[in-house]
$ cat run-v9.json   # JSON, C-alpha atoms
[["chain", "number", "residue", "atom", "x", "y", "z"],
["A", 1, "MET", "CA", 101.50, 49.33, -99.94],
["A", 2, "ASP", "CA", 100.10, 50.00, -96.47],
["A", 3, "GLU", "CA", 99.02, 46.89, -94.50],
["A", 4, "THR", "CA", 95.49, 48.25, -93.95],
["A", 5, "ILE", "CA", 95.04, 48.80, -97.69],
["A", 6, "LYS", "CA", 96.34, 45.28, -98.42],
["A", 7, "SER", "CA", 93.89, 43.76, -95.94],
["A", 8, "ALA", "CA", 91.04, 45.85, -97.35],
["A", 9, "LYS", "CA", 91.88, 44.64, -100.87],
["A", 10, "GLU", "CA", 91.78, 41.07, -99.61],
["A", 11, "GLY", "CA", 88.21, 41.67, -98.45],
["A", 12, "ASP", "CA", 88.69, 42.55, -94.77],
["A", 13, "HIS", "CA", 85.70, 44.80, -93.98],
["A", 14, "LEU", "CA", 87.20, 46.09, -90.73],
["A", 15, "ALA", "CA", 90.39, 47.21, -92.50],
["A", 16, "PHE", "CA", 88.24, 48.91, -95.11],
["A", 17, "ALA", "CA", 86.22, 50.65, -92.42],
["A", 18, "ILE", "CA", 89.40, 51.82, -90.62],
["A", 19, "LEU", "CA", 90.78, 53.18, -93.89],
["A", 20, "PHE", "CA", 87.58, 55.11, -94.59],
["A", 21, "LYS", "CA", 87.27, 56.42, -91.04],
["A", 22, "GLU", "CA", 90.85, 57.74, -91.17],
["A", 23, "ASN", "CA", 90.33, 59.49, -94.49],
["A", 24, "TYR", "CA", 86.74, 60.68, -94.04],
["A", 25, "PRO", "CA", 87.43, 64.16, -92.51],
["A", 26, "PHE", "CA", 90.11, 64.87, -95.12],
["A", 27, "LEU", "CA", 87.73, 63.85, -97.91],
["A", 28, "VAL", "CA", 84.80, 65.90, -96.61],
["A", 29, "LYS", "CA", 86.98, 68.99, -96.15],
["A", 30, "TYR", "CA", 88.37, 68.63, -99.66],
["A", 31, "LEU", "CA", 84.84, 68.32, -101.03],
["A", 32, "MET", "CA", 83.71, 71.33, -98.99],
["A", 33, "LYS", "CA", 86.44, 73.37, -100.66],
["A", 34, "ILE", "CA", 85.56, 72.36, -104.20],
["A", 35, "THR", "CA", 81.77, 72.35, -103.83],
["A", 36, "MET", "CA", 81.55, 75.23, -101.32],
["A", 37, "ASN", "CA", 78.55, 73.42, -99.90],
["A", 38, "PRO", "CA", 78.83, 71.36, -96.65],
["A", 39, "ASP", "CA", 75.72, 69.25, -97.35],
["A", 40, "MET", "CA", 76.77, 68.40, -100.86],
["A", 41, "ALA", "CA", 80.27, 67.59, -99.55],
["A", 42, "GLU", "CA", 78.94, 64.95, -97.15],
["A", 43, "GLU", "CA", 76.67, 63.48, -99.78],
["A", 44, "LEU", "CA", 79.54, 63.27, -102.28],
["A", 45, "ALA", "CA", 81.91, 61.81, -99.66],
["A", 46, "GLN", "CA", 79.51, 58.90, -99.16],
["A", 47, "GLU", "CA", 79.08, 58.45, -102.89],
["A", 48, "THR", "CA", 82.88, 58.50, -103.30],
["A", 49, "MET", "CA", 83.31, 55.81, -100.64],
["A", 50, "ALA", "CA", 80.68, 53.65, -102.31],
["A", 51, "LYS", "CA", 82.64, 53.91, -105.57],
["A", 52, "CYS", "CA", 85.87, 53.08, -103.70],
["A", 53, "VAL", "CA", 84.35, 49.84, -102.40],
["A", 54, "GLN", "CA", 83.73, 48.78, -105.99],
["A", 55, "LYS", "CA", 87.05, 50.03, -107.35],
["A", 56, "LEU", "CA", 89.58, 49.23, -104.61],
["A", 57, "HIS", "CA", 90.99, 46.33, -106.62],
["A", 58, "LEU", "CA", 92.10, 48.93, -109.21],
["A", 59, "TYR", "CA", 94.18, 50.88, -106.67],
["A", 60, "ASN", "CA", 97.81, 50.04, -107.35],
["A", 61, "GLY", "CA", 99.53, 51.99, -104.57],
["A", 62, "GLN", "CA", 101.50, 54.22, -106.97],
["A", 63, "SER", "CA", 99.92, 57.33, -105.48],
["A", 64, "LYS", "CA", 98.83, 58.00, -101.91],
["A", 65, "PHE", "CA", 95.45, 56.59, -100.92],
["A", 66, "SER", "CA", 94.22, 60.14, -100.20],
["A", 67, "THR", "CA", 95.21, 61.20, -103.74],
["A", 68, "TRP", "CA", 93.25, 58.29, -105.15],
["A", 69, "LEU", "CA", 90.24, 59.29, -103.06],
["A", 70, "ILE", "CA", 90.53, 62.92, -104.20],
["A", 71, "SER", "CA", 90.63, 61.78, -107.80],
["A", 72, "ILE", "CA", 87.44, 59.72, -107.46],
["A", 73, "ALA", "CA", 85.71, 62.47, -105.46],
["A", 74, "THR", "CA", 86.60, 65.13, -108.04],
["A", 75, "ASN", "CA", 85.26, 63.09, -110.94],
["A", 76, "THR", "CA", 82.10, 62.26, -109.00],
["A", 77, "TYR", "CA", 81.55, 65.98, -108.37],
["A", 78, "ILE", "CA", 82.19, 66.95, -112.00],
["A", 79, "ASP", "CA", 79.82, 64.21, -113.22],
["A", 80, "GLN", "CA", 77.15, 65.45, -110.82],
["A", 81, "CYS", "CA", 77.55, 69.04, -112.04],
["A", 82, "ARG", "CA", 77.24, 67.89, -115.68],
["A", 83, "LYS", "CA", 74.15, 65.86, -114.84],
["A", 84, "LYS", "CA", 72.51, 68.79, -113.04],
["A", 85, "LYS", "CA", 73.30, 71.14, -115.90],
["A", 86, "ARG", "CA", 71.85, 68.64, -118.39],
["A", 87, "GLU", "CA", 68.71, 68.29, -116.31],
["A", 88, "LYS", "CA", 68.59, 72.10, -116.03],
["A", 89, "ASN", "CA", 68.52, 71.58, -112.29],
["A", 90, "TRP", "CA", 71.50, 73.87, -111.75],
["A", 91, "LEU", "CA", 70.91, 76.39, -108.97],
["A", 92, "GLY", "CA", 73.95, 78.43, -109.85],
["A", 93, "GLN", "CA", 77.10, 78.59, -107.82],
["A", 94, "GLU", "CA", 76.07, 81.67, -105.83],
["A", 95, "GLU", "CA", 72.99, 79.88, -104.56],
["A", 96, "THR", "CA", 75.14, 76.88, -103.71],
["A", 97, "PHE", "CA", 77.75, 78.66, -101.60],
["A", 98, "ARG", "CA", 75.29, 80.78, -99.63],
["A", 99, "LYS", "CA", 75.20, 78.14, -96.89],
["A", 100, "MET", "CA", 78.98, 78.05, -96.71],
["A", 101, "LYS", "CA", 79.00, 81.82, -96.30],
["A", 102, "TRP", "CA", 76.49, 81.45, -93.49],
["A", 103, "HIS", "CA", 78.75, 78.87, -91.79],
["A", 104, "PHE", "CA", 81.66, 81.30, -91.95],
["A", 105, "GLU", "CA", 79.62, 84.12, -90.51],
["A", 106, "SER", "CA", 78.18, 81.97, -87.72],
["A", 107, "ARG", "CA", 81.76, 81.13, -86.65],
["A", 108, "ASN", "CA", 82.70, 84.82, -86.73],
["A", 109, "GLU", "CA", 85.14, 84.15, -89.50],
["A", 110, "GLU", "CA", 85.71, 86.39, -92.44],
["A", 111, "TRP", "CA", 84.34, 85.22, -95.79],
["A", 112, "ASN", "CA", 87.03, 86.91, -97.85],
["A", 113, "ASP", "CA", 86.66, 88.26, -101.37],
["A", 114, "ALA", "CA", 88.93, 85.54, -102.72],
["A", 115, "MET", "CA", 86.44, 82.91, -101.55],
["A", 116, "GLU", "CA", 83.66, 84.89, -103.20],
["A", 117, "ALA", "CA", 85.65, 84.97, -106.44],
["A", 118, "LEU", "CA", 86.49, 81.26, -106.16],
["A", 119, "GLY", "CA", 82.84, 80.45, -105.51],
["A", 120, "LYS", "CA", 81.68, 82.29, -108.63],
["A", 121, "MET", "CA", 84.05, 80.35, -110.88],
["A", 122, "PRO", "CA", 82.94, 77.34, -112.88],
["A", 123, "GLU", "CA", 84.02, 74.06, -111.29],
["A", 124, "GLU", "CA", 86.43, 73.21, -114.12],
["A", 125, "ILE", "CA", 88.54, 76.22, -113.10],
["A", 126, "ARG", "CA", 88.00, 76.19, -109.33],
["A", 127, "VAL", "CA", 89.03, 72.54, -108.89],
["A", 128, "PRO", "CA", 92.46, 72.81, -110.60],
["A", 129, "ILE", "CA", 93.26, 76.01, -108.66],
["A", 130, "ILE", "CA", 92.54, 74.30, -105.33],
["A", 131, "LEU", "CA", 94.45, 71.16, -106.29],
["A", 132, "LYS", "CA", 97.45, 73.15, -107.52],
["A", 133, "HIS", "CA", 97.79, 75.93, -105.00],
["A", 134, "TYR", "CA", 96.26, 74.50, -101.84],
["A", 135, "TYR", "CA", 97.11, 70.80, -102.10],
["A", 136, "GLY", "CA", 100.31, 71.28, -104.11],
["A", 137, "TYR", "CA", 99.69, 68.75, -106.88],
["A", 138, "SER", "CA", 101.62, 69.14, -110.12],
["A", 139, "TYR", "CA", 99.93, 70.04, -113.41],
["A", 140, "GLU", "CA", 100.58, 66.47, -114.61],
["A", 141, "GLU", "CA", 98.95, 64.91, -111.54],
["A", 142, "ILE", "CA", 95.91, 67.19, -111.84],
["A", 143, "GLY", "CA", 95.69, 66.39, -115.56],
["A", 144, "GLU", "CA", 95.61, 62.67, -114.74],
["A", 145, "MET", "CA", 92.93, 63.20, -112.10],
["A", 146, "LEU", "CA", 90.69, 65.29, -114.36],
["A", 147, "LYS", "CA", 91.57, 63.36, -117.53],
["A", 148, "ILE", "CA", 92.74, 66.48, -119.36],
["A", 149, "SER", "CA", 96.18, 67.54, -120.59],
["A", 150, "PRO", "CA", 98.65, 69.29, -118.23],
["A", 151, "GLY", "CA", 98.64, 72.27, -120.64],
["A", 152, "THR", "CA", 94.88, 72.65, -120.24],
["A", 153, "VAL", "CA", 95.26, 72.49, -116.45],
["A", 154, "LYS", "CA", 97.95, 75.17, -116.58],
["A", 155, "SER", "CA", 95.86, 77.54, -118.67],
["A", 156, "ARG", "CA", 92.77, 76.99, -116.49],
["A", 157, "VAL", "CA", 94.77, 77.73, -113.31],
["A", 158, "HIS", "CA", 96.36, 80.79, -114.92],
["A", 159, "ASN", "CA", 93.03, 82.21, -116.14],
["A", 160, "GLY", "CA", 91.44, 81.48, -112.78],
["A", 161, "ILE", "CA", 94.15, 83.35, -110.89],
["A", 162, "ILE", "CA", 93.80, 86.30, -113.27],
["A", 163, "SER", "CA", 90.06, 86.47, -112.60],
["A", 164, "VAL", "CA", 90.70, 86.35, -108.81],
["A", 165, "ARG", "CA", 93.21, 89.20, -109.24],
["A", 166, "LYS", "CA", 90.57, 91.22, -111.11],
["A", 167, "GLU", "CA", 87.92, 90.48, -108.50],
["A", 168, "LEU", "CA", 90.25, 91.51, -105.67],
["A", 169, "LYS", "CA", 91.50, 94.54, -107.66],
["A", 170, "ILE", "CA", 95.08, 93.43, -106.91],
["A", 171, "ASP", "CA", 96.42, 94.80, -110.20],
["A", 172, "GLU", "CA", 95.10, 98.33, -109.58],
["A", 173, "GLU", "CA", 96.27, 98.27, -105.98],
["A", 174, "MET", "CA", 99.78, 97.14, -106.83],
["A", 175, "GLU", "CA", 100.14, 99.48, -109.79],
["A", 176, "GLY", "CA", 99.18, 102.36, -107.52],
["A", 177, "TYR", "CA", 101.75, 101.16, -104.98],
["A", 178, "THR", "CA", 104.53, 100.89, -107.63],
["A", 179, "SER", "CA", 103.83, 104.32, -109.11],
["A", 180, "ARG", "CA", 103.88, 105.81, -105.60],
["A", 181, "LYS", "CA", 107.18, 104.02, -104.98],
["A", 182, "ARG", "CA", 108.61, 105.32, -108.27],
["A", 183, "THR", "CA", 107.56, 108.88, -107.47],
["A", 184, "ASN", "CA", 109.10, 108.67, -104.02],
["A", 185, "GLY", "CA", 112.23, 107.15, -105.55],
["A", 186, "PHE", "CA", 112.64, 110.03, -108.03],
["A", 187, "GLU", "CA", 112.06, 112.55, -105.29],
["A", 188, "GLY", "CA", 114.81, 110.89, -103.27],
["A", 189, "LEU", "CA", 117.37, 111.16, -106.12],
["B", 190, "MET", "CA", 128.63, 103.05, -103.04],
["B", 191, "LYS", "CA", 125.29, 104.28, -104.34],
["B", 192, "LYS", "CA", 122.32, 102.35, -103.12],
["B", 193, "TRP", "CA", 119.89, 101.64, -106.00],
["B", 194, "LYS", "CA", 116.20, 101.40, -105.45],
["B", 195, "VAL", "CA", 114.91, 98.08, -106.83],
["B", 196, "ILE", "CA", 111.83, 98.50, -108.99],
["B", 197, "PRO", "CA", 110.24, 95.14, -109.81],
["B", 198, "LEU", "CA", 110.14, 94.16, -113.49],
["B", 199, "GLU", "CA", 106.77, 93.49, -115.12],
["B", 200, "SER", "CA", 107.15, 89.68, -114.86],
["B", 201, "GLU", "CA", 108.27, 89.96, -111.24],
["B", 202, "GLN", "CA", 105.28, 92.16, -110.53],
["B", 203, "MET", "CA", 103.02, 89.64, -112.25],
["B", 204, "ASP", "CA", 104.38, 86.94, -109.94],
["B", 205, "LEU", "CA", 103.76, 89.16, -106.95],
["B", 206, "LYS", "CA", 100.17, 89.76, -108.03],
["B", 207, "ASP", "CA", 99.62, 86.05, -108.55],
["B", 208, "TYR", "CA", 101.25, 85.33, -105.22],
["B", 209, "ARG", "CA", 98.90, 87.75, -103.46],
["B", 210, "ALA", "CA", 95.83, 86.25, -105.12],
["B", 211, "ILE", "CA", 96.96, 82.70, -104.22],
["B", 212, "ASP", "CA", 97.69, 83.79, -100.66],
["B", 213, "GLU", "CA", 94.18, 85.23, -100.30],
["B", 214, "ILE", "CA", 92.65, 82.03, -101.70],
["B", 215, "ASN", "CA", 94.68, 79.83, -99.37],
["B", 216, "ARG", "CA", 93.75, 81.93, -96.35],
["B", 217, "GLY", "CA", 90.07, 81.42, -97.13],
["B", 218, "LEU", "CA", 90.50, 77.71, -97.78],
["B", 219, "GLU", "CA", 92.47, 77.23, -94.55],
["B", 220, "GLN", "CA", 89.40, 78.43, -92.67],
["B", 221, "ILE", "CA", 87.38, 75.62, -94.20],
["B", 222, "ASP", "CA", 89.92, 73.18, -92.75],
["B", 223, "GLN", "CA", 89.01, 74.50, -89.28],
["B", 224, "PHE", "CA", 85.36, 73.47, -89.74],
["B", 225, "PRO", "CA", 84.37, 70.60, -87.46],
["B", 226, "VAL", "CA", 83.43, 67.49, -89.45],
["B", 227, "TYR", "CA", 81.34, 64.77, -87.88],
["B", 228, "THR", "CA", 82.90, 61.36, -88.55],
["B", 229, "PRO", "CA", 80.56, 58.39, -88.10],
["B", 230, "ASP", "CA", 81.74, 55.43, -86.00],
["B", 231, "ILE", "CA", 83.50, 52.35, -87.37],
["B", 232, "GLN", "CA", 80.30, 50.22, -87.36],
["B", 233, "TRP", "CA", 78.64, 52.68, -89.71],
["B", 234, "PHE", "CA", 81.51, 52.34, -92.18],
["B", 235, "GLU", "CA", 81.47, 48.53, -91.89],
["B", 236, "GLN", "CA", 77.74, 48.46, -92.55],
["B", 237, "MET", "CA", 78.11, 50.80, -95.51],
["B", 238, "ILE", "CA", 80.79, 48.52, -97.01],
["B", 239, "THR", "CA", 78.63, 45.40, -96.55],
["B", 240, "VAL", "CA", 75.64, 47.10, -98.19],
["B", 241, "GLN", "CA", 77.76, 48.36, -101.09],
["B", 242, "LYS", "CA", 79.27, 44.92, -101.70],
["B", 243, "GLN", "CA", 75.80, 43.33, -101.68],
["B", 244, "LEU", "CA", 74.53, 45.97, -104.11],
["B", 245, "SER", "CA", 77.45, 45.50, -106.50],
["B", 246, "MET", "CA", 76.98, 41.70, -106.42],
["B", 247, "LYS", "CA", 73.26, 42.13, -107.21],
["B", 248, "LYS", "CA", 74.12, 44.50, -110.06],
["B", 249, "LEU", "CA", 76.68, 42.03, -111.45],
["B", 250, "VAL", "CA", 74.16, 39.15, -111.42],
["B", 251, "LYS", "CA", 71.49, 41.36, -113.03],
["B", 252, "ASP", "CA", 73.84, 42.65, -115.77],
["B", 253, "PHE", "CA", 75.09, 39.13, -116.50],
["B", 254, "THR", "CA", 71.54, 37.75, -116.77],
["B", 255, "VAL", "CA", 70.45, 40.58, -119.08],
["B", 256, "PHE", "CA", 73.57, 40.03, -121.23],
["B", 257, "ILE", "CA", 72.95, 36.27, -121.54],
["B", 258, "LEU", "CA", 69.25, 36.75, -122.37],
["B", 259, "ILE", "CA", 69.95, 39.37, -125.06],
["B", 260, "ALA", "CA", 72.76, 37.24, -126.52],
["B", 261, "LEU", "CA", 70.47, 34.18, -126.67],
["B", 262, "PHE", "CA", 67.69, 36.21, -128.29],
["B", 263, "ILE", "CA", 69.99, 37.65, -130.97],
["B", 264, "LEU", "CA", 71.68, 34.30, -131.64],
["B", 265, "SER", "CA", 68.40, 32.45, -131.98],
["B", 266, "GLY", "CA", 67.10, 35.14, -134.36],
["B", 267, "ILE", "CA", 70.22, 34.85, -136.51],
["B", 268, "ILE", "CA", 70.10, 31.04, -136.60],
["B", 269, "VAL", "CA", 66.39, 30.98, -137.47],
["B", 270, "SER", "CA", 66.81, 33.53, -140.27],
["B", 271, "LEU", "CA", 69.93, 31.75, -141.59],
["B", 272, "TYR", "CA", 68.17, 28.38, -141.89],
["B", 273, "HIS", "CA", 64.67, 29.51, -142.91],
["B", 274, "ASN", "CA", 65.30, 32.64, -144.94],
["B", 275, "PRO", "CA", 68.95, 33.32, -145.90],
["B", 276, "PHE", "CA", 67.93, 36.42, -147.92],
["B", 277, "ILE", "CA", 66.65, 38.18, -144.76],
["B", 278, "PHE", "CA", 69.84, 37.14, -142.98],
["B", 279, "ILE", "CA", 71.97, 38.88, -145.63],
["B", 280, "VAL", "CA", 69.73, 41.98, -145.75],
["B", 281, "LEU", "CA", 69.88, 42.27, -141.95],
["B", 282, "GLN", "CA", 73.67, 42.62, -142.08],
["B", 283, "ILE", "CA", 73.42, 46.09, -143.72],
["B", 284, "PRO", "CA", 71.38, 47.91, -140.99],
["B", 285, "VAL", "CA", 73.50, 46.19, -138.32],
["B", 286, "ILE", "CA", 76.74, 47.51, -139.85],
["B", 287, "VAL", "CA", 75.21, 51.00, -140.30],
["B", 288, "PHE", "CA", 73.97, 51.02, -136.70],
["B", 289, "ILE", "CA", 77.33, 49.94, -135.22],
["B", 290, "ALA", "CA", 79.27, 52.48, -137.32],
["B", 291, "SER", "CA", 76.94, 55.40, -136.48],
["B", 292, "TYR", "CA", 76.78, 54.49, -132.77],
["B", 293, "THR", "CA", 80.59, 54.29, -132.50],
["B", 294, "GLY", "CA", 80.91, 57.57, -134.39],
["B", 295, "MET", "CA", 78.39, 59.33, -132.14],
["B", 296, "ARG", "CA", 80.13, 58.11, -128.97],
["B", 297, "PHE", "CA", 83.47, 59.31, -130.33],
["B", 298, "VAL", "CA", 82.14, 62.77, -131.24],
["B", 299, "LYS", "CA", 80.51, 63.07, -127.79],
["B", 300, "LYS", "CA", 83.79, 62.17, -126.05],
["B", 301, "VAL", "CA", 85.74, 64.70, -128.14],
["B", 302, "ASN", "CA", 83.17, 67.43, -127.37],
["B", 303, "GLU", "CA", 83.27, 66.64, -123.65],
["B", 304, "ALA", "CA", 87.09, 66.77, -123.61]]
$ encode --input "run-v9.json" --output "structure tokens"
Amino acid sequence: MDETIKSAKEGDHLAFAILFKENYPFLVKYLMKITMNPDMAEELAQETMAKCVQKLHLYNGQSKFSTWLISIATNTYIDQCRKKKREKNWLGQEETFRKMKWHFESRNEEWNDAMEALGKMPEEIRVPIILKHYYGYSYEEIGEMLKISPGTVKSRVHNGIISVRKELKIDEEMEGYTSRKRTNGFEGL
Amino acid sequence: MKKWKVIPLESEQMDLKDYRAIDEINRGLEQIDQFPVYTPDIQWFEQMITVQKQLSMKKLVKDFTVFILIALFILSGIIVSLYHNPFIFIVLQIPVIVFIASYTGMRFVKKVNEA
């Protein structure tokens, strides 16, 4: 285990602070991707760190510290979504990611259709897709993080990708391309 | 030798479609990584840790006190009923068992539904 983590576990506040400072941008950016809301990401990052202070003694060093942070952050986010839905305080995802869209536009960056599709998805599908295809975690690791079976993760990722394909009209585009290719191929024979 | 045109099979095409969708997603997400994130200074983190540790200590003391008080209340009730009115003591066992069984069952059903 890393020396800083060891010192933090022994109660060294400075080591703890260094550890958090090093991982803070990574954590906020991860939360921005899954929440699609910069304000909520910062709020959740602080809540995640507060939980880490209480739970650090449970960290066994088997996974990377960042993976452990991601796992706590993800569960904190999912709990918050459930709570908001229960309280009927749910604004809807489109309302939530409007600010993110604005951030993209203010930086002259393109808010692509895939982001739009990802933003419209429920969090239980969006989170596994990001963890699998952007961060490269295995289905088993994601299952452990979300406390669901690897098979469930796999089907959620698969269904999510299919809905992105539909939203981006990739299937129609590629079928058109293949039929054009076939026609050209037959003409060439 | 005749050069054959390669037409992708359905599964291959499926992979290609998935690959394109994943590529689009990753391109969007990469842009989020370019966003500047303000990181507070080390003192802020130290202060946050101190406050959190104080809060968790307070919570521990509060939970422990509540636990001891409730335990003492229940124990004294049981002892009083056992010595002064054993019939009530025996009758009380039935609702307690029913309550524990139904509470455990409800928690289990809730967990299964959430999963």
$ closest_atom_pairs --input "run-v9.json" --of "chain B" --to "chain A" --cutoff "10 Å" --atoms "all atoms listed in the file" --output "CSV"
residue,atom,partner,partner_atom,distance
B:Trp193,CA,A:Gly185,CA,9.4
B:Lys194,CA,A:Gly185,CA,7.0
B:Val195,CA,A:Gly185,CA,9.5
B:Ile196,CA,A:Arg182,CA,7.6
B:Pro197,CA,A:Thr178,CA,8.4
B:Gln202,CA,A:Met174,CA,8.3
B:Met203,CA,A:Asp171,CA,8.6
B:Leu205,CA,A:Met174,CA,8.9
B:Lys206,CA,A:Ile170,CA,6.4
B:Asp207,CA,A:Ile161,CA,6.5
B:Tyr208,CA,A:Ile161,CA,9.3
B:Arg209,CA,A:Ile170,CA,7.7
B:Ala210,CA,A:Arg165,CA,5.7
B:Ile211,CA,A:His133,CA,6.9
B:Asp212,CA,A:His133,CA,9.0
B:Glu213,CA,A:Ala114,CA,5.8
B:Ile214,CA,A:Ala114,CA,5.2
B:Asn215,CA,A:Tyr134,CA,6.1
B:Arg216,CA,A:Asn112,CA,8.5
B:Gly217,CA,A:Met115,CA,5.9
B:Leu218,CA,A:Lys33,CA,6.6
B:Glu219,CA,A:Tyr134,CA,8.7
B:Gln220,CA,A:Glu109,CA,7.8
B:Ile221,CA,A:Lys33,CA,6.9
B:Asp222,CA,A:Lys29,CA,6.1
B:Gln223,CA,A:Lys29,CA,9.0
B:Phe224,CA,A:Lys29,CA,8.0
B:Pro225,CA,A:Pro25,CA,8.7
B:Val226,CA,A:Pro25,CA,6.0
B:Tyr227,CA,A:Pro25,CA,7.7
B:Thr228,CA,A:Pro25,CA,6.6
B:Pro229,CA,A:Lys21,CA,7.6
B:Asp230,CA,A:Lys21,CA,7.5
B:Ile231,CA,A:Ala17,CA,6.0
B:Gln232,CA,A:Ala17,CA,7.8
B:Trp233,CA,A:Ala17,CA,8.3
B:Phe234,CA,A:Ala17,CA,5.0
B:Glu235,CA,A:Ala17,CA,5.2
B:Gln236,CA,A:Ala17,CA,8.8
B:Met237,CA,A:Ala50,CA,7.8
B:Ile238,CA,A:Val53,CA,6.6
B:Thr239,CA,A:His13,CA,7.5
B:Val240,CA,A:Ala50,CA,9.2
B:Gln241,CA,A:Ala50,CA,6.2
B:Lys242,CA,A:Val53,CA,7.1
B:Leu244,CA,A:Gln54,CA,9.8
B:Ser245,CA,A:Gln54,CA,7.1
B:Met246,CA,A:Gln54,CA,9.8
B:Ala304,CA,A:Ile148,CA,7.1
$ write_last_selection --input "run-v9.json" --atoms "C-alpha atoms" --output "compact mmCIF listing (two decimals), in the coordinates of the input"
# COMPACT_ATOMS: atom_id res chain seq x y z
CA TRP B 193 119.89 101.64 -106.00
CA LYS B 194 116.20 101.40 -105.45
CA VAL B 195 114.91 98.08 -106.83
CA ILE B 196 111.83 98.50 -108.99
CA PRO B 197 110.24 95.14 -109.81
CA GLN B 202 105.28 92.16 -110.53
CA MET B 203 103.02 89.64 -112.25
CA LEU B 205 103.76 89.16 -106.95
CA LYS B 206 100.17 89.76 -108.03
CA ASP B 207 99.62 86.05 -108.55
CA TYR B 208 101.25 85.33 -105.22
CA ARG B 209 98.90 87.75 -103.46
CA ALA B 210 95.83 86.25 -105.12
CA ILE B 211 96.96 82.70 -104.22
CA ASP B 212 97.69 83.79 -100.66
CA GLU B 213 94.18 85.23 -100.30
CA ILE B 214 92.65 82.03 -101.70
CA ASN B 215 94.68 79.83 -99.37
CA ARG B 216 93.75 81.93 -96.35
CA GLY B 217 90.07 81.42 -97.13
CA LEU B 218 90.50 77.71 -97.78
CA GLU B 219 92.47 77.23 -94.55
CA GLN B 220 89.40 78.43 -92.67
CA ILE B 221 87.38 75.62 -94.20
CA ASP B 222 89.92 73.18 -92.75
CA GLN B 223 89.01 74.50 -89.28
CA PHE B 224 85.36 73.47 -89.74
CA PRO B 225 84.37 70.60 -87.46
CA VAL B 226 83.43 67.49 -89.45
CA TYR B 227 81.34 64.77 -87.88
CA THR B 228 82.90 61.36 -88.55
CA PRO B 229 80.56 58.39 -88.10
CA ASP B 230 81.74 55.43 -86.00
CA ILE B 231 83.50 52.35 -87.37
CA GLN B 232 80.30 50.22 -87.36
CA TRP B 233 78.64 52.68 -89.71
CA PHE B 234 81.51 52.34 -92.18
CA GLU B 235 81.47 48.53 -91.89
CA GLN B 236 77.74 48.46 -92.55
CA MET B 237 78.11 50.80 -95.51
CA ILE B 238 80.79 48.52 -97.01
CA THR B 239 78.63 45.40 -96.55
CA VAL B 240 75.64 47.10 -98.19
CA GLN B 241 77.76 48.36 -101.09
CA LYS B 242 79.27 44.92 -101.70
CA LEU B 244 74.53 45.97 -104.11
CA SER B 245 77.45 45.50 -106.50
CA MET B 246 76.98 41.70 -106.42
CA ALA B 304 87.09 66.77 -123.61
$ closest_residue --input "run-v9.json" --among "A:Pro150, A:Val157, A:Tyr137, A:Asp2" --to "A:Ser71" --atoms "all atoms listed in the file"
A:Tyr137
$ closest_residue --input "run-v9.json" --among "A:Met40, A:Val153, A:Ile70, A:Met121" --to "A:Tyr139" --atoms "only C-alpha atoms"
A:Val153
$ atom_distance --input "run-v9.json" --atom1 "atom CA of A:Glu124" --atom2 "atom CA of A:Tyr77"
10.4 Å
$ atom_distance --input "run-v9.json" --atom1 "atom CA of B:Gln282" --atom2 "atom CA of B:Val269"
14.5 Å
$ atom_distance --input "run-v9.json" --atom1 "atom CA of A:Ile125" --atom2 "atom CA of A:Arg156"
5.5 Å
$ closest_residue --input "run-v9.json" --among "A:Ser63, A:Asn75, A:Asn159, A:Ser106" --to "A:Leu44" --atoms "only C-alpha atoms"
A:Asn75
$ residues_around --input "run-v9.json" --residues "A:Gln80" --least-positions-apart "3" --cutoff "12 Å" --atoms "all atoms listed in the file" --output "list of chain:residue names"
A:Thr35, A:Met40, A:Ala41, A:Glu43, A:Leu44, A:Glu47, A:Thr48, A:Ala73, A:Thr74, A:Asn75, A:Thr76, A:Tyr77, A:Lys83, A:Lys84, A:Lys85, A:Arg86, A:Glu87, A:Asn89, A:Trp90, A:Glu123
$ build_atoms --input "run-v9.json" --residues "stretch 209-216 of chain B" --atoms "N, CA and C atoms" --output "PDB file, in the frame of the given file"
ATOM      1  N   ARG B 209      99.881  87.155-104.385  1.00  0.00           N
ATOM      2  CA  ARG B 209      98.900  87.750-103.460  1.00  0.00           C
ATOM      3  C   ARG B 209      97.524  87.107-103.595  1.00  0.00           C
ATOM      4  N   ALA B 210      97.141  86.876-104.874  1.00  0.00           N
ATOM      5  CA  ALA B 210      95.830  86.250-105.120  1.00  0.00           C
ATOM      6  C   ALA B 210      95.809  84.839-104.516  1.00  0.00           C
ATOM      7  N   ILE B 211      96.900  84.078-104.728  1.00  0.00           N
ATOM      8  CA  ILE B 211      96.960  82.700-104.220  1.00  0.00           C
ATOM      9  C   ILE B 211      96.945  82.707-102.691  1.00  0.00           C
ATOM     10  N   ASP B 212      97.644  83.688-102.121  1.00  0.00           N
ATOM     11  CA  ASP B 212      97.690  83.790-100.660  1.00  0.00           C
ATOM     12  C   ASP B 212      96.288  84.042-100.085  1.00  0.00           C
ATOM     13  N   GLU B 213      95.560  84.931-100.745  1.00  0.00           N
ATOM     14  CA  GLU B 213      94.180  85.230-100.300  1.00  0.00           C
ATOM     15  C   GLU B 213      93.301  83.981-100.388  1.00  0.00           C
ATOM     16  N   ILE B 214      93.450  83.251-101.502  1.00  0.00           N
ATOM     17  CA  ILE B 214      92.650  82.030-101.700  1.00  0.00           C
ATOM     18  C   ILE B 214      92.979  81.036-100.592  1.00  0.00           C
ATOM     19  N   ASN B 215      94.280  80.828-100.377  1.00  0.00           N
ATOM     20  CA  ASN B 215      94.680  79.830 -99.370  1.00  0.00           C
ATOM     21  C   ASN B 215      94.228  80.201 -97.961  1.00  0.00           C
ATOM     22  N   ARG B 216      94.210  81.515 -97.682  1.00  0.00           N
ATOM     23  CA  ARG B 216      93.750  81.930 -96.350  1.00  0.00           C
ATOM     24  C   ARG B 216      92.281  81.568 -96.143  1.00  0.00           C
TER      25      ARG B 216
END
